[in-house]
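Asker: Okay, handing you the structure first.
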Amino acid sequence: MALSSSPPARSSIGPTTRVLERLEALFSLGHPPHAHRLGLSEEEERAHHLVASWMRDAGLEVEVDPIGNLFGRRPGTRSDLAEVWVGSHLDTVPAGGRFDGALGVIAGLEAVLRLDHRTTDRAITVVAFRDEEGVRFGRSCLGSRALCGQLEPGELESADGNGVTVAAALDRQGRRPDEIPASGWLARNQPCCFVELHIEQGPVLAGRGATVGVVESIVGLLEHRVSFTGRSTHAGTTPMADRADALVAAAAFIARIDAKARAGGTVMTVGDLQVEPGVPNVVAGRAQLPVDSRGTDAKTLSELESFIETAASDSAGERGVRASVTRSLRVEPVVLDAGVNDTLVAVGAEHGDDVQSLSSGAGHDAGVLASAGVPTGMLFVRSLAGGLSHHPDEETDDEAIGDSITVLTTALERLAHDGRRTANAGPDQR
Ligand SMILES: [Zn+2]
């Protein structure tokens, strides 16, 4: 039934070929052989312009919101009904791969193209969020959190390594950061549901011999900055007993973090370390590092927060230095919407795909939308290369891309049917 309702792609180019060509075009906007489109950078901006042009070519109504998120709307027959959203992000980590983020946006656009002239009750809107990776400013999901009113106070004033603030970067892109509403603007056009398609970034689906899966839950995320402040003194003339060595305290702290995560079945990472003055013959006066921690429930996240505080103060105390801990981000773990996921699973089964369920150890824009009350589902596309991600060798295959777009297309059409979610009439009445 579902198979026979799938039309051929509009152009003579096969859908997977077009998707791969578009991913390649985005990839080449960075610094090949790497994808390199940091959030709020020129490369990300160019990617948004390119995708906006493809949206216009597809006949979509293009809009950009106050933080720069891109929307391409395919109107439905009933403008009074809440829209169905589909999409992901276009930014990457430095030296990233082809698929993380970009695949979800391009697949959403491809699904809309495949719907061709078939009408839906609800509009289907392809979304590209800004700065999901949070590499440059240390704050992930910036675009989707701004939309959902989840920016922390003063967040737009946080700076990158060159002292450029989020507000200044937005200003350079022609946005008006001072006019960004702290409470977000989701309620102005709250979708009835959101589907994010994303490469798995792990080995689970390939290990099970499946091409696609649905994500039941997304882990919560903590980002902290920890600083140790001691005394910069002469490496030759300061006796060991008289030192206040910030770097040694930081090293003890990192060892505690690692031991805690290994013992507790969670993951915690210190991926950077800045030392001042950072010369061989001076005792370190200051050491700063970020801590990335993840947990599957709110209680675990809170325990990890207190652990970081205690570990920092113990490590500092042992070496006679001071510690300060600042939390820059807390994203709660979320359970995704069973209704939307059930649709993805059912559609997959109709197409002969055994859609597996798994959880996501990486954060996603889907988690932000879900935490803001949007019924959200997530479709994972199998990774190859052992699940390697945030790396130029990130890989999937044509079969998995093809299956995922087939499932996505039919699921979007079904979700955009008026009969869905009559029990959840809230968004329609806004
Ligand atoms: Zn991603």
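Within each chain, counting starts at residue 1; across the structure tokens, chains are named A, B, ... in the order shown, with ligands numbered 1 upward in that order.
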At a cut-off of 10 Å and counting only C-alpha atoms and all ligand atoms, what residues surround ligand 1? Please answer as an MDAnalysis selection string.
Answerer: chainID A and resid 88:93 99:104 131:133 141 196:201 362:366 389:390
Asker: Can you pull out the residues contacting A:Val105? Cut-off 12 Å, using only C-alpha atoms, and skip same-chain residues under 4 positions away; I want them as a ChimeraX atom specification.
Answerer: /A:19,22-23,26,47-48,50-52,54-55,69-72,85-91,99-101,109-112,125-130,195-199,365,405,408
Asker: Using only C-alpha atoms, find the one residue out of A:Leu384, A:Val248, A:Val267, A:Leu369 that sits nearest to A:Gly320.
Answerer: A:Val248
Asker: Could you give me, as a PyMOL selection string, the residues within 7 Å of A:Glu61, counting only C-alpha atoms and dropping anything in the same chain fewer than 4 positions from it?
Answerer: chain A and resi 56+72-74
Asker: Kindly indicate which residue among A:Asp418, A:Asp353, A:Asp398, A:Glu83 lies nearest to A:Phe194, using only C-alpha atoms for the distances.
Answerer: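 With only C-alpha atoms as the atom set, the closest residue is A:Glu83.
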Asker: Could you name the residues that touch A:Val374 at 12 Å or less, counting only C-alpha atoms, but leaving out those on the same chain fewer than 5 positions away, as JSON, numbers by chain?
Answerer: {"A": [82, 83, 84, 85, 144, 148, 186, 187, 189, 190, 191, 192, 193, 194, 195, 334, 335, 336, 337, 339, 340, 365, 366, 367, 368, 369, 421, 424, 426, 427]}
Asker: Rounded to one decimal, what separation in Å do you get between atom CA of A:Arg78 and atom CA of A:Thr409?
Answerer: 19.4 Å
Asker: From a backbone DSSP assignment, name each residue in stretch 157-385 of chain A labelled strand (DSSP E), as a ChimeraX atom specification.
Answerer: /A:193-199,212-218,220-229,267-269,274-276,286-295,322-331,334-335,356-360,376-381
Asker: What does the structure give for the distance between atom CA of A:Glu152 and atom CA of A:Ser293, in Å to one decimal?
Answerer: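 Between these atoms lies a distance of 18.2 Å.
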Asker: Contacts between stretch 162-167 of chain A and stretch 17-43 of chain A, please, where a residue of stretch 17-43 of chain A counts if it comes within 12 Å (with only C-alpha atoms); show its shortest atom pair and distance in Å to one decimal, rows by chain and ascending number, as a tab-separated table.
Answerer:
residue	atom	partner	partner_atom	distance
A:Gly39	CA	A:Val166	CA	9.8
A:Leu40	CA	A:Val166	CA	8.0
A:Ser41	CA	A:Val166	CA	10.6
Asker: Within stretch 186-266 of chain A, find each residue whose DSSP state, derived from the backbone, is helix (DSSP H, G or I), and express the selection as an MDAnalysis selection string.
Answerer: chainID A and resid 186:189 204:208 240:242 246:264
Asker: I'd like the neighbourhood of A:Val214 as a PyMOL selection string, where a residue qualifies if any of its atoms comes within 7 Å (using only C-alpha atoms), though same-chain residues fewer than 5 positions away should be ignored.
Answerer: chain A and resi 341+355-358+378-380
Asker: Pick out the residues sitting within 10 Å of A:Ala312, and hand them over as a PyMOL selection string; count only C-alpha atoms, and ignore anything fewer than 5 positions along from it in its own chain.
Answerer: chain A and resi 226-228+249-250+252-254+256-257+306-307+317+322-325
